[in-house]
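*Asks:* Here you go, this is target-v7.cif (mmCIF, C-alpha atoms).
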data_work
#
loop_
_atom_site.label_atom_id
_atom_site.label_comp_id
_atom_site.auth_asym_id
_atom_site.auth_seq_id
_atom_site.Cartn_x
_atom_site.Cartn_y
_atom_site.Cartn_z
CA MET M 5 131.04 41.52 181.62
CA VAL M 6 134.33 43.39 181.27
CA PHE M 7 135.43 42.10 184.63
CA THR M 8 134.66 38.53 183.59
CA LEU M 9 136.68 38.92 180.39
CA MET M 10 139.57 40.35 182.40
CA GLN M 11 139.43 37.37 184.73
CA LYS M 12 139.40 34.94 181.82
CA SER M 13 142.35 36.67 180.18
CA SER M 14 144.27 36.64 183.46
CA PHE M 15 143.77 32.91 183.86
CA ILE M 16 144.81 32.31 180.25
CA GLY M 17 147.94 34.31 180.99
CA THR M 18 148.57 32.24 184.12
CA SER M 19 148.21 29.08 182.07
CA LEU M 20 150.67 30.34 179.46
CA VAL M 21 153.18 31.36 182.12
CA THR M 22 152.85 27.93 183.73
CA LYS M 23 153.44 26.23 180.39
CA ASP M 24 156.46 28.43 179.66
CA ALA M 25 157.90 27.61 183.07
CA GLN M 26 157.33 23.91 182.47
CA GLN M 27 159.09 24.06 179.10
CA ALA M 28 161.99 25.97 180.61
CA ARG M 29 162.35 23.40 183.38
CA SER M 30 162.23 20.57 180.85
CA ALA M 31 164.96 22.21 178.80
CA GLN M 32 167.01 22.67 181.96
CA ALA M 33 166.55 19.00 182.79
CA VAL M 34 167.85 18.05 179.33
CA GLN M 35 170.89 20.31 179.81
CA VAL M 36 171.64 18.76 183.20
CA THR M 37 171.36 15.27 181.75
CA ALA M 38 173.67 16.16 178.89
CA LYS M 39 176.19 17.79 181.22
CA PHE M 40 176.47 15.15 183.89
CA GLY M 41 175.24 12.12 181.97
CA GLY M 42 174.53 8.70 183.48
CA THR M 43 172.89 8.21 186.85
CA GLN M 44 173.62 11.64 188.30
CA GLY M 45 172.07 13.39 185.34
CA LYS M 46 168.90 11.26 185.55
CA LYS M 47 168.56 11.91 189.28
CA ALA M 48 168.95 15.63 188.76
CA ALA M 49 166.37 15.57 185.97
CA LYS M 50 163.88 13.68 188.16
CA THR M 51 164.37 16.21 190.95
CA ILE M 52 163.68 19.10 188.58
CA LYS M 53 160.56 17.43 187.17
CA LYS M 54 159.26 16.77 190.69
CA THR M 55 159.79 20.41 191.61
CA VAL M 56 157.99 21.51 188.45
CA LYS M 57 154.95 19.35 189.30
CA GLN M 58 154.79 20.74 192.83
CA ASN M 59 155.00 24.32 191.60
CA ILE M 60 152.33 23.72 188.97
CA GLY M 61 150.04 22.21 191.62
CA LYS M 62 150.49 25.23 193.85
CA ALA M 63 149.86 27.56 190.90
CA LYS M 64 146.62 25.75 190.03
CA SER M 65 145.48 25.91 193.65
CA THR M 66 146.19 29.63 193.86
CA ALA M 67 144.45 30.23 190.53
CA LYS M 68 141.37 28.35 191.76
CA GLN M 69 141.15 30.42 194.93
CA THR M 70 141.64 33.66 192.99
CA LYS M 71 139.00 32.62 190.47
CA ASN M 72 136.44 31.90 193.20
CA LYS M 73 137.03 35.29 194.82
CA ALA M 74 136.90 37.06 191.46
CA VAL M 75 133.64 35.36 190.53
CA THR M 76 132.15 36.39 193.84
CA LYS M 77 133.02 39.99 193.15
CA SER M 78 131.81 39.99 189.56
CA GLY M 79 128.63 38.02 190.27
CA ALA M 80 125.70 37.19 188.02
CA SER M 81 123.36 39.70 189.59
CA ASN M 82 123.30 42.80 191.74
CA TRP M 83 123.81 40.96 195.02
CA TYR M 84 127.52 41.72 195.29
CA GLY M 85 129.72 44.78 195.41
CA PRO M 86 129.09 48.34 196.63
CA ASP M 87 125.78 48.67 194.72
CA ARG M 88 124.21 45.58 196.29
CA PRO M 89 120.90 45.86 198.24
CA LYS M 90 121.41 47.00 201.83
CA PHE M 91 119.29 46.59 204.93
CA LEU M 92 118.29 50.27 205.08
CA GLY M 93 118.58 50.93 201.38
CA PRO M 94 120.36 54.17 200.46
CA PHE M 95 120.51 55.20 204.11
CA THR M 96 122.89 52.36 204.98
CA GLN M 97 126.52 53.16 205.61
CA PRO M 98 128.16 49.71 205.74
CA PRO M 99 131.45 49.33 207.60
CA SER M 100 134.61 48.97 205.57
CA TYR M 101 134.94 45.25 206.25
CA LEU M 102 131.52 44.57 204.68
CA SER M 103 132.40 45.29 201.07
CA GLY M 104 129.86 43.00 199.40
CA GLU M 105 132.40 40.30 198.65
CA PHE M 106 130.37 37.51 200.22
CA ALA M 107 126.83 36.27 199.61
CA GLY M 108 124.13 37.74 201.84
CA ASP M 109 126.09 40.85 202.83
CA TYR M 110 123.56 43.64 203.41
CA GLY M 111 126.02 45.90 205.19
CA TRP M 112 124.50 45.27 208.62
CA ASP M 113 126.77 44.86 211.63
CA THR M 114 125.79 47.62 214.06
CA ALA M 115 127.48 45.84 216.97
CA GLY M 116 130.76 45.37 215.11
CA LEU M 117 130.78 41.62 215.80
CA SER M 118 132.59 40.86 212.54
CA ALA M 119 135.18 43.62 212.58
CA ASP M 120 137.95 41.12 213.19
CA PRO M 121 138.67 39.16 209.95
CA THR M 122 139.19 35.87 211.78
CA THR M 123 135.95 36.28 213.73
CA PHE M 124 134.12 37.31 210.57
CA GLU M 125 135.29 34.16 208.75
CA ARG M 126 134.25 32.00 211.70
CA TYR M 127 130.80 33.60 211.95
CA ARG M 128 130.26 33.27 208.21
CA ASN M 129 131.05 29.56 208.30
CA ILE M 130 128.80 29.02 211.32
CA GLU M 131 125.91 30.88 209.70
CA VAL M 132 126.04 28.91 206.44
CA ILE M 133 126.27 25.54 208.22
CA HIS M 134 123.40 26.40 210.57
CA ALA M 135 121.36 27.71 207.64
CA ARG M 136 121.73 24.37 205.85
CA TRP M 137 120.69 22.43 208.95
CA ALA M 138 117.72 24.76 209.48
CA MET M 139 116.47 24.22 205.92
CA LEU M 140 116.64 20.45 206.39
CA GLY M 141 115.07 20.75 209.83
CA ALA M 142 112.18 22.92 208.65
CA LEU M 143 111.42 20.46 205.88
CA GLY M 144 111.60 17.58 208.36
CA CYS M 145 109.20 19.34 210.72
CA VAL M 146 106.56 20.02 208.07
CA VAL M 147 106.55 16.85 205.92
CA PRO M 148 105.53 14.23 208.55
CA GLU M 149 102.58 16.38 209.61
CA THR M 150 101.25 16.56 206.05
CA LEU M 151 101.30 12.81 205.29
CA ASN M 152 98.47 10.39 205.92
CA GLY M 153 100.95 7.54 206.26
CA THR M 154 102.50 9.15 209.34
CA ASN M 155 99.07 9.86 210.85
CA HIS M 156 99.93 13.59 210.65
CA VAL M 157 102.27 13.32 213.60
CA PRO M 158 103.74 16.67 214.74
CA TRP M 159 107.51 17.01 214.62
CA PHE M 160 108.00 17.01 218.41
CA GLU M 161 106.26 13.61 218.69
CA ALA M 162 107.71 11.98 215.57
CA GLY M 163 110.91 10.84 217.25
CA ALA M 164 109.05 8.98 220.00
CA THR M 165 107.46 6.65 217.44
CA ILE M 166 110.74 4.76 217.28
CA PHE M 167 109.68 3.10 220.55
CA SER M 168 106.38 1.91 219.08
CA LYS M 169 105.80 -1.64 217.87
CA ASN M 170 106.55 -0.85 214.20
CA GLY M 171 109.18 1.80 214.84
CA ILE M 172 109.59 4.79 212.54
CA GLN M 173 108.42 4.27 208.98
CA TYR M 174 110.05 7.06 207.04
CA LEU M 175 107.57 9.11 204.97
CA GLY M 176 104.90 6.69 206.19
CA ILE M 177 105.96 4.10 203.60
CA PRO M 178 106.36 0.64 205.15
CA GLY M 179 109.70 -0.92 204.42
CA LEU M 180 111.33 2.20 202.97
CA ILE M 181 113.45 2.92 206.04
CA ASN M 182 112.30 1.25 209.22
CA ALA M 183 114.09 2.56 212.31
CA ARG M 184 113.47 0.46 215.40
CA SER M 185 116.60 1.00 217.48
CA ILE M 186 117.58 4.47 218.65
CA LEU M 187 121.12 3.24 219.33
CA ALA M 188 121.56 1.84 215.82
CA THR M 189 120.14 5.04 214.33
CA LEU M 190 122.56 7.13 216.38
CA ILE M 191 125.56 5.02 215.31
CA VAL M 192 124.63 5.25 211.62
CA GLN M 193 124.19 9.01 211.84
CA VAL M 194 127.50 9.50 213.63
CA LEU M 195 129.39 7.35 211.13
CA LEU M 196 127.83 8.92 208.05
CA MET M 197 128.04 12.51 209.22
CA GLY M 198 131.49 11.95 210.68
CA ALA M 199 132.78 10.67 207.36
CA ILE M 200 131.20 13.52 205.38
CA GLU M 201 132.30 16.26 207.77
CA GLY M 202 135.77 14.73 208.07
CA TYR M 203 136.13 14.77 204.29
CA ARG M 204 134.94 18.37 204.10
CA PHE M 205 136.96 19.69 207.03
CA GLN M 206 140.22 17.97 206.05
CA GLY M 207 140.05 19.34 202.52
CA GLY M 208 139.14 16.15 200.70
CA ILE M 209 140.89 12.81 200.82
CA LYS M 210 144.35 14.22 200.05
CA GLY M 211 143.99 17.41 202.07
CA ASP M 212 144.12 19.78 199.08
CA GLU M 213 145.16 23.29 200.12
CA GLY M 214 142.83 24.83 197.55
CA PHE M 215 139.80 22.89 198.82
CA ASP M 216 136.87 25.17 199.71
CA ARG M 217 135.48 23.77 202.97
CA LEU M 218 132.32 25.84 202.88
CA TYR M 219 131.51 25.13 199.23
CA PRO M 220 133.43 21.92 198.45
CA GLY M 221 131.51 21.04 195.28
CA GLY M 222 132.97 18.31 193.08
CA ASP M 223 131.51 14.92 192.32
CA TYR M 224 130.59 14.22 195.95
CA PHE M 225 129.01 17.54 197.01
CA ASP M 226 127.74 18.73 193.63
CA PRO M 227 127.03 15.63 191.52
CA LEU M 228 124.56 17.54 189.31
CA GLY M 229 127.11 20.22 188.47
CA LEU M 230 124.83 23.08 189.53
CA ALA M 231 127.83 25.25 190.44
CA ASP M 232 129.87 24.63 187.29
CA ASP M 233 128.90 28.00 185.87
CA PRO M 234 130.54 30.77 187.99
CA ASP M 235 127.64 33.20 187.58
CA SER M 236 125.05 30.58 188.54
CA PHE M 237 127.21 29.57 191.50
CA ALA M 238 127.37 33.16 192.74
CA GLU M 239 123.59 33.47 192.54
CA LEU M 240 123.00 30.10 194.21
CA ARG M 241 125.11 31.18 197.19
CA VAL M 242 122.83 34.18 197.67
CA LYS M 243 119.69 32.05 197.42
CA GLU M 244 121.12 29.54 199.89
CA ILE M 245 121.92 32.03 202.61
CA LYS M 246 118.65 33.96 202.19
CA ASN M 247 116.53 30.81 202.41
CA GLY M 248 118.73 29.52 205.22
CA ARG M 249 118.19 32.65 207.32
CA LEU M 250 114.45 32.37 206.76
CA ALA M 251 114.59 28.71 207.80
CA MET M 252 116.41 29.57 211.04
CA PHE M 253 113.62 32.01 211.93
CA ALA M 254 111.05 29.38 210.94
CA MET M 255 112.62 26.83 213.28
CA LEU M 256 112.50 29.35 216.12
CA GLY M 257 108.80 29.89 215.32
CA PHE M 258 108.17 26.15 215.33
CA PHE M 259 109.74 25.86 218.79
CA VAL M 260 107.68 28.72 220.26
CA GLN M 261 104.45 27.49 218.66
CA ALA M 262 104.96 23.97 220.00
CA ILE M 263 105.53 25.31 223.52
CA VAL M 264 102.55 27.68 223.46
CA THR M 265 99.95 25.74 221.45
CA GLY M 266 101.11 22.14 221.79
CA LYS M 267 100.56 21.70 218.04
CA GLY M 268 102.69 21.42 214.93
CA PRO M 269 103.18 24.22 212.38
CA VAL M 270 100.78 22.70 209.82
CA GLN M 271 97.94 22.40 212.34
CA ASN M 272 98.62 25.93 213.57
CA LEU M 273 98.39 27.21 210.02
CA GLN M 274 95.14 25.38 209.36
CA ASP M 275 93.63 26.72 212.58
CA HIS M 276 94.65 30.26 211.73
CA ILE M 277 93.25 30.06 208.18
CA SER M 278 89.92 28.73 209.46
CA ASP M 279 89.52 31.60 211.95
CA PRO M 280 92.21 34.26 211.51
CA THR M 281 90.46 36.82 213.70
CA HIS M 282 90.44 34.73 216.87
CA VAL M 283 93.25 32.23 216.24
CA ASN M 284 96.44 34.25 216.25
CA GLY M 285 99.24 35.00 218.64
CA LEU M 286 97.90 38.36 219.80
CA ALA M 287 94.25 37.42 220.37
CA THR M 288 94.57 33.97 221.86
CA TYR M 289 97.97 32.71 222.94
CA ALA M 290 99.35 35.86 224.50
CA THR M 291 96.85 35.36 227.35
CA LYS M 292 98.68 32.19 228.38
CA PHE M 293 101.41 34.39 229.82
CA ASP M 294 98.94 36.42 231.91
CA PRO M 295 99.84 35.84 235.60
CA SER M 296 96.20 36.28 236.65
CA GLN M 297 95.09 33.20 234.68
#
Translate the structure of the given file into structure tokens.
*Replies:*
Amino acid sequence: MVFTLMQKSSFIGTSLVTKDAQQARSAQAVQVTAKFGGTQGKKAAKTIKKTVKQNIGKAKSTAKQTKNKAVTKSGASNWYGPDRPKFLGPFTQPPSYLSGEFAGDYGWDTAGLSADPTTFERYRNIEVIHARWAMLGALGCVVPETLNGTNHVPWFEAGATIFSKNGIQYLGIPGLINARSILATLIVQVLLMGAIEGYRFQGGIKGDEGFDRLYPGGDYFDPLGLADDPDSFAELRVKEIKNGRLAMFAMLGFFVQAIVTGKGPVQNLQDHISDPTHVNGLATYATKFDPSQ
């Protein structure tokens, strides 16, 4: 709470300093105009005003970045900082570069893969992006198998229905989205994802230096304003990465199950619930890798 108040007071101070600087520049512009007069004075005043706007823009960008980092450190819960939960609890001795600044930091890097700051930033970006794809993928693997309209098709056979007479009927609802051409589907996906990723990677339309590529937010990426509150945003980042890591493991499980059982995850779950003693990985499917059979 104290930290949050300190951050708020610091940003108020930054705002006041910016306003004072703007007033000083405006007064200087008036003095230049009065001294030189005419066209030269106006040109000089315009130059000063332009410089003021640029400096204010840079100050706002820096303040935004500082605010995001400060919010991450303060947090809305106990998921950040030195007292955050760790992978071995009180027995964990996290390396110095894992200080609890970022969401999902449990102090675990026994191989030292993230010791280099540049590598750590790269790995963090890769993990979050893959986590988001895995959550979407896990949902996409489960939903078609649960719907009557899709004839409970498993995820590894769903794509092939595009070659059927009626094509793919999304969510089993005729006419909702009917994909019949794999080429057209590919083009649409490339164009849409290319535009979205281009916008995110370039820092928005204007290439704003203060644009957060990993958490862009704004009207396009956060239309519901879920991250407007800094404390809620800090907690949502933790929830995202935790669920994303679980989804990545789930996708790996879906792959292995499909290879071993030839069934989807929903059917595997139903089979296991109906006979948990005999239908499980240890009792049944491990024998498939026995060379004698």
*Asks:* Step by step, gather every atom of segment 111-119 of chain M that the file lists, find the box along x, y and z that holds them, add 8 Å on each side, and finally give centre and edge lengths in Å to one decimal, as lines of an AutoDock Vina configuration file.
*Replies:*
center_x = 129.8
center_y = 44.2
center_z = 211.1
size_x = 26.7
size_y = 22.8
size_z = 27.8
*Asks:* Mind telling me what the PyMOL selection byres ((chain M and resi 125-140) around 6) catches here, as a CSV table (one decimal) with C-alpha atoms, in the frame of the given file?
*Replies:*
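Full text of result32.csv as output:
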chain,number,residue,atom,x,y,z
M,122,THR,CA,139.2,35.9,211.8
M,123,THR,CA,136.0,36.3,213.7
M,124,PHE,CA,134.1,37.3,210.6
M,141,GLY,CA,115.1,20.8,209.8
M,142,ALA,CA,112.2,22.9,208.6
M,143,LEU,CA,111.4,20.5,205.9
M,248,GLY,CA,118.7,29.5,205.2
M,249,ARG,CA,118.2,32.6,207.3
M,251,ALA,CA,114.6,28.7,207.8
M,252,MET,CA,116.4,29.6,211.0
*Asks:* How close does each residue of segment 95-171 of chain M get to segment 176-183 of chain M, giving the shortest atom pair and distance in Å to one decimal for every residue with an atom at most 6 Å away, counting only C-alpha atoms, sorted by chain and residue number, as a Markdown table?
*Replies:*
| residue | atom | partner | partner_atom | distance |
| --- | --- | --- | --- | --- |
| M:Gly153 | CA | M:Gly176 | CA | 4.0 |
| M:Thr154 | CA | M:Gly176 | CA | 4.7 |
| M:Gly171 | CA | M:Ala183 | CA | 5.6 |
*Asks:* Can you pull out the residues contacting segment 90-99 of chain M? Cut-off 6 Å, using all atoms listed in the file, and skip same-chain residues under 2 positions away; I want them as a list in words.
*Replies:* Tyr101, Leu102, Tyr110 and Gly111 of chain M
*Asks:* I want to know what sits within 12 Å of segment 272-276 of chain M, based on only C-alpha atoms, with residues of the same chain fewer than 4 positions away left out; could you give that as a PyMOL selection string?
*Replies:* chain M and resi 146+149-150+158+257-258+260-262+264-268+280-289
*Asks:* Using all atoms listed in the file, which of the listed residues (M:Leu187, M:Ile172, M:Ala238, M:Ile200) sits closest to Asn155 of chain M?
*Replies:*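 Nearest to Asn155 of chain M: M:Ile172.
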*Asks:* Dump N, CA and C atoms of segment 78-123 of chain M from the given block, as a PDB file, in the first residue's frame.
*Replies:*
ATOM      1  N   SER M  78       4.981  -4.057  -6.999  1.00  0.00           N
ATOM      2  CA  SER M  78       4.083  -3.878  -5.864  1.00  0.00           C
ATOM      3  C   SER M  78       3.056  -5.001  -5.832  1.00  0.00           C
ATOM      4  N   GLY M  79       2.384  -5.241  -6.972  1.00  0.00           N
ATOM      5  CA  GLY M  79       1.468  -6.356  -7.102  1.00  0.00           C
ATOM      6  C   GLY M  79       0.201  -6.198  -6.289  1.00  0.00           C
ATOM      7  N   ALA M  80      -0.764  -7.079  -6.575  1.00  0.00           N
ATOM      8  CA  ALA M  80      -2.010  -7.091  -5.827  1.00  0.00           C
ATOM      9  C   ALA M  80      -2.059  -8.295  -4.908  1.00  0.00           C
ATOM     10  N   SER M  81      -1.068  -9.136  -4.966  1.00  0.00           N
ATOM     11  CA  SER M  81      -1.076 -10.357  -4.180  1.00  0.00           C
ATOM     12  C   SER M  81       0.336 -10.677  -3.747  1.00  0.00           C
ATOM     13  N   ASN M  82       0.556 -11.915  -3.389  1.00  0.00           N
ATOM     14  CA  ASN M  82       1.877 -12.333  -2.915  1.00  0.00           C
ATOM     15  C   ASN M  82       2.676 -13.066  -3.987  1.00  0.00           C
ATOM     16  N   TRP M  83       2.346 -12.808  -5.244  1.00  0.00           N
ATOM     17  CA  TRP M  83       2.991 -13.532  -6.337  1.00  0.00           C
ATOM     18  C   TRP M  83       4.241 -12.848  -6.856  1.00  0.00           C
ATOM     19  N   TYR M  84       4.609 -11.735  -6.281  1.00  0.00           N
ATOM     20  CA  TYR M  84       5.774 -10.983  -6.733  1.00  0.00           C
ATOM     21  C   TYR M  84       6.716 -10.716  -5.558  1.00  0.00           C
ATOM     22  N   GLY M  85       7.951 -10.385  -5.895  1.00  0.00           N
ATOM     23  CA  GLY M  85       8.903  -9.988  -4.868  1.00  0.00           C
ATOM     24  C   GLY M  85       9.593 -11.154  -4.201  1.00  0.00           C
ATOM     25  N   PRO M  86      10.453 -10.870  -3.232  1.00  0.00           N
ATOM     26  CA  PRO M  86      11.253 -11.936  -2.588  1.00  0.00           C
ATOM     27  C   PRO M  86      10.430 -12.916  -1.770  1.00  0.00           C
ATOM     28  N   ASP M  87       9.228 -12.526  -1.320  1.00  0.00           N
ATOM     29  CA  ASP M  87       8.399 -13.409  -0.494  1.00  0.00           C
ATOM     30  C   ASP M  87       7.384 -14.198  -1.302  1.00  0.00           C
ATOM     31  N   ARG M  88       7.520 -14.212  -2.606  1.00  0.00           N
ATOM     32  CA  ARG M  88       6.590 -14.938  -3.477  1.00  0.00           C
ATOM     33  C   ARG M  88       6.737 -16.448  -3.275  1.00  0.00           C
ATOM     34  N   PRO M  89       5.747 -17.253  -3.661  1.00  0.00           N
ATOM     35  CA  PRO M  89       5.891 -18.715  -3.594  1.00  0.00           C
ATOM     36  C   PRO M  89       7.022 -19.196  -4.503  1.00  0.00           C
ATOM     37  N   LYS M  90       7.756 -20.195  -4.053  1.00  0.00           N
ATOM     38  CA  LYS M  90       8.880 -20.723  -4.826  1.00  0.00           C
ATOM     39  C   LYS M  90       8.707 -22.226  -5.021  1.00  0.00           C
ATOM     40  N   PHE M  91       9.422 -22.767  -5.990  1.00  0.00           N
ATOM     41  CA  PHE M  91       9.143 -24.140  -6.413  1.00  0.00           C
ATOM     42  C   PHE M  91       9.522 -25.171  -5.359  1.00  0.00           C
ATOM     43  N   LEU M  92      10.434 -24.859  -4.456  1.00  0.00           N
ATOM     44  CA  LEU M  92      10.746 -25.751  -3.340  1.00  0.00           C
ATOM     45  C   LEU M  92      10.451 -25.086  -2.006  1.00  0.00           C
ATOM     46  N   GLY M  93       9.579 -24.111  -2.030  1.00  0.00           N
ATOM     47  CA  GLY M  93       9.197 -23.436  -0.802  1.00  0.00           C
ATOM     48  C   GLY M  93      10.368 -22.737  -0.136  1.00  0.00           C
ATOM     49  N   PRO M  94      10.499 -22.866   1.164  1.00  0.00           N
ATOM     50  CA  PRO M  94      11.585 -22.173   1.878  1.00  0.00           C
ATOM     51  C   PRO M  94      12.972 -22.731   1.588  1.00  0.00           C
ATOM     52  N   PHE M  95      13.034 -23.868   0.930  1.00  0.00           N
ATOM     53  CA  PHE M  95      14.333 -24.463   0.611  1.00  0.00           C
ATOM     54  C   PHE M  95      14.911 -23.934  -0.697  1.00  0.00           C
ATOM     55  N   THR M  96      14.166 -23.095  -1.390  1.00  0.00           N
ATOM     56  CA  THR M  96      14.603 -22.565  -2.677  1.00  0.00           C
ATOM     57  C   THR M  96      15.549 -21.388  -2.472  1.00  0.00           C
ATOM     58  N   GLN M  97      16.652 -21.424  -3.188  1.00  0.00           N
ATOM     59  CA  GLN M  97      17.579 -20.304  -3.219  1.00  0.00           C
ATOM     60  C   GLN M  97      17.632 -19.778  -4.662  1.00  0.00           C
ATOM     61  N   PRO M  98      16.720 -18.872  -5.020  1.00  0.00           N
ATOM     62  CA  PRO M  98      16.655 -18.416  -6.410  1.00  0.00           C
ATOM     63  C   PRO M  98      17.894 -17.627  -6.805  1.00  0.00           C
ATOM     64  N   PRO M  99      18.303 -17.722  -8.051  1.00  0.00           N
ATOM     65  CA  PRO M  99      19.440 -16.917  -8.511  1.00  0.00           C
ATOM     66  C   PRO M  99      19.115 -15.426  -8.483  1.00  0.00           C
ATOM     67  N   SER M 100      20.129 -14.622  -8.530  1.00  0.00           N
ATOM     68  CA  SER M 100      19.956 -13.173  -8.375  1.00  0.00           C
ATOM     69  C   SER M 100      19.112 -12.562  -9.478  1.00  0.00           C
ATOM     70  N   TYR M 101      19.148 -13.150 -10.669  1.00  0.00           N
ATOM     71  CA  TYR M 101      18.411 -12.567 -11.786  1.00  0.00           C
ATOM     72  C   TYR M 101      16.930 -12.938 -11.768  1.00  0.00           C
ATOM     73  N   LEU M 102      16.522 -13.817 -10.855  1.00  0.00           N
ATOM     74  CA  LEU M 102      15.104 -14.131 -10.667  1.00  0.00           C
ATOM     75  C   LEU M 102      14.651 -13.490  -9.355  1.00  0.00           C
ATOM     76  N   SER M 103      14.299 -12.220  -9.444  1.00  0.00           N
ATOM     77  CA  SER M 103      13.988 -11.426  -8.257  1.00  0.00           C
ATOM     78  C   SER M 103      12.499 -11.339  -7.961  1.00  0.00           C
ATOM     79  N   GLY M 104      11.674 -11.994  -8.774  1.00  0.00           N
ATOM     80  CA  GLY M 104      10.231 -11.915  -8.563  1.00  0.00           C
ATOM     81  C   GLY M 104       9.595 -10.714  -9.221  1.00  0.00           C
ATOM     82  N   GLU M 105      10.293 -10.128 -10.178  1.00  0.00           N
ATOM     83  CA  GLU M 105       9.763  -8.947 -10.861  1.00  0.00           C
ATOM     84  C   GLU M 105       8.666  -9.306 -11.850  1.00  0.00           C
ATOM     85  N   PHE M 106       8.781 -10.500 -12.452  1.00  0.00           N
ATOM     86  CA  PHE M 106       7.852 -10.892 -13.501  1.00  0.00           C
ATOM     87  C   PHE M 106       6.885 -11.970 -13.018  1.00  0.00           C
ATOM     88  N   ALA M 107       5.738 -12.035 -13.701  1.00  0.00           N
ATOM     89  CA  ALA M 107       4.704 -13.002 -13.340  1.00  0.00           C
ATOM     90  C   ALA M 107       5.191 -14.428 -13.579  1.00  0.00           C
ATOM     91  N   GLY M 108       4.856 -15.324 -12.644  1.00  0.00           N
ATOM     92  CA  GLY M 108       5.204 -16.731 -12.804  1.00  0.00           C
ATOM     93  C   GLY M 108       6.623 -17.081 -12.432  1.00  0.00           C
ATOM     94  N   ASP M 109       7.327 -16.192 -11.739  1.00  0.00           N
ATOM     95  CA  ASP M 109       8.706 -16.449 -11.334  1.00  0.00           C
ATOM     96  C   ASP M 109       8.711 -17.206 -10.011  1.00  0.00           C
ATOM     97  N   TYR M 110       9.058 -18.501 -10.070  1.00  0.00           N
ATOM     98  CA  TYR M 110       9.131 -19.326  -8.872  1.00  0.00           C
ATOM     99  C   TYR M 110      10.578 -19.572  -8.436  1.00  0.00           C
ATOM    100  N   GLY M 111      11.493 -18.827  -9.027  1.00  0.00           N
ATOM    101  CA  GLY M 111      12.892 -18.953  -8.642  1.00  0.00           C
ATOM    102  C   GLY M 111      13.559 -20.212  -9.143  1.00  0.00           C
ATOM    103  N   TRP M 112      13.043 -20.788 -10.227  1.00  0.00           N
ATOM    104  CA  TRP M 112      13.576 -22.065 -10.727  1.00  0.00           C
ATOM    105  C   TRP M 112      14.292 -21.869 -12.055  1.00  0.00           C
ATOM    106  N   ASP M 113      15.592 -22.042 -12.040  1.00  0.00           N
ATOM    107  CA  ASP M 113      16.397 -22.042 -13.260  1.00  0.00           C
ATOM    108  C   ASP M 113      17.707 -22.749 -12.944  1.00  0.00           C
ATOM    109  N   THR M 114      17.602 -24.044 -12.640  1.00  0.00           N
ATOM    110  CA  THR M 114      18.769 -24.817 -12.207  1.00  0.00           C
ATOM    111  C   THR M 114      19.839 -24.910 -13.286  1.00  0.00           C
ATOM    112  N   ALA M 115      19.435 -24.807 -14.560  1.00  0.00           N
ATOM    113  CA  ALA M 115      20.400 -24.901 -15.654  1.00  0.00           C
ATOM    114  C   ALA M 115      20.992 -23.547 -16.034  1.00  0.00           C
ATOM    115  N   GLY M 116      20.495 -22.480 -15.432  1.00  0.00           N
ATOM    116  CA  GLY M 116      21.026 -21.152 -15.731  1.00  0.00           C
ATOM    117  C   GLY M 116      20.731 -20.680 -17.143  1.00  0.00           C
ATOM    118  N   LEU M 117      19.606 -21.126 -17.709  1.00  0.00           N
ATOM    119  CA  LEU M 117      19.282 -20.788 -19.092  1.00  0.00           C
ATOM    120  C   LEU M 117      18.937 -19.312 -19.265  1.00  0.00           C
ATOM    121  N   SER M 118      18.517 -18.658 -18.178  1.00  0.00           N
ATOM    122  CA  SER M 118      18.075 -17.267 -18.280  1.00  0.00           C
ATOM    123  C   SER M 118      19.018 -16.307 -17.572  1.00  0.00           C
ATOM    124  N   ALA M 119      20.255 -16.722 -17.389  1.00  0.00           N
ATOM    125  CA  ALA M 119      21.213 -15.859 -16.696  1.00  0.00           C
ATOM    126  C   ALA M 119      21.524 -14.601 -17.500  1.00  0.00           C
ATOM    127  N   ASP M 120      21.531 -14.731 -18.807  1.00  0.00           N
ATOM    128  CA  ASP M 120      21.770 -13.572 -19.658  1.00  0.00           C
ATOM    129  C   ASP M 120      20.473 -12.771 -19.792  1.00  0.00           C
ATOM    130  N   PRO M 121      20.480 -11.471 -19.509  1.00  0.00           N
ATOM    131  CA  PRO M 121      19.241 -10.671 -19.557  1.00  0.00           C
ATOM    132  C   PRO M 121      18.542 -10.707 -20.911  1.00  0.00           C
ATOM    133  N   THR M 122      19.313 -10.669 -21.994  1.00  0.00           N
ATOM    134  CA  THR M 122      18.709 -10.700 -23.322  1.00  0.00           C
ATOM    135  C   THR M 122      18.029 -12.039 -23.583  1.00  0.00           C
ATOM    136  N   THR M 123      18.703 -13.121 -23.196  1.00  0.00           N
ATOM    137  CA  THR M 123      18.125 -14.456 -23.355  1.00  0.00           C
ATOM    138  C   THR M 123      16.892 -14.619 -22.479  1.00  0.00           C
TER     139      THR M 123
END
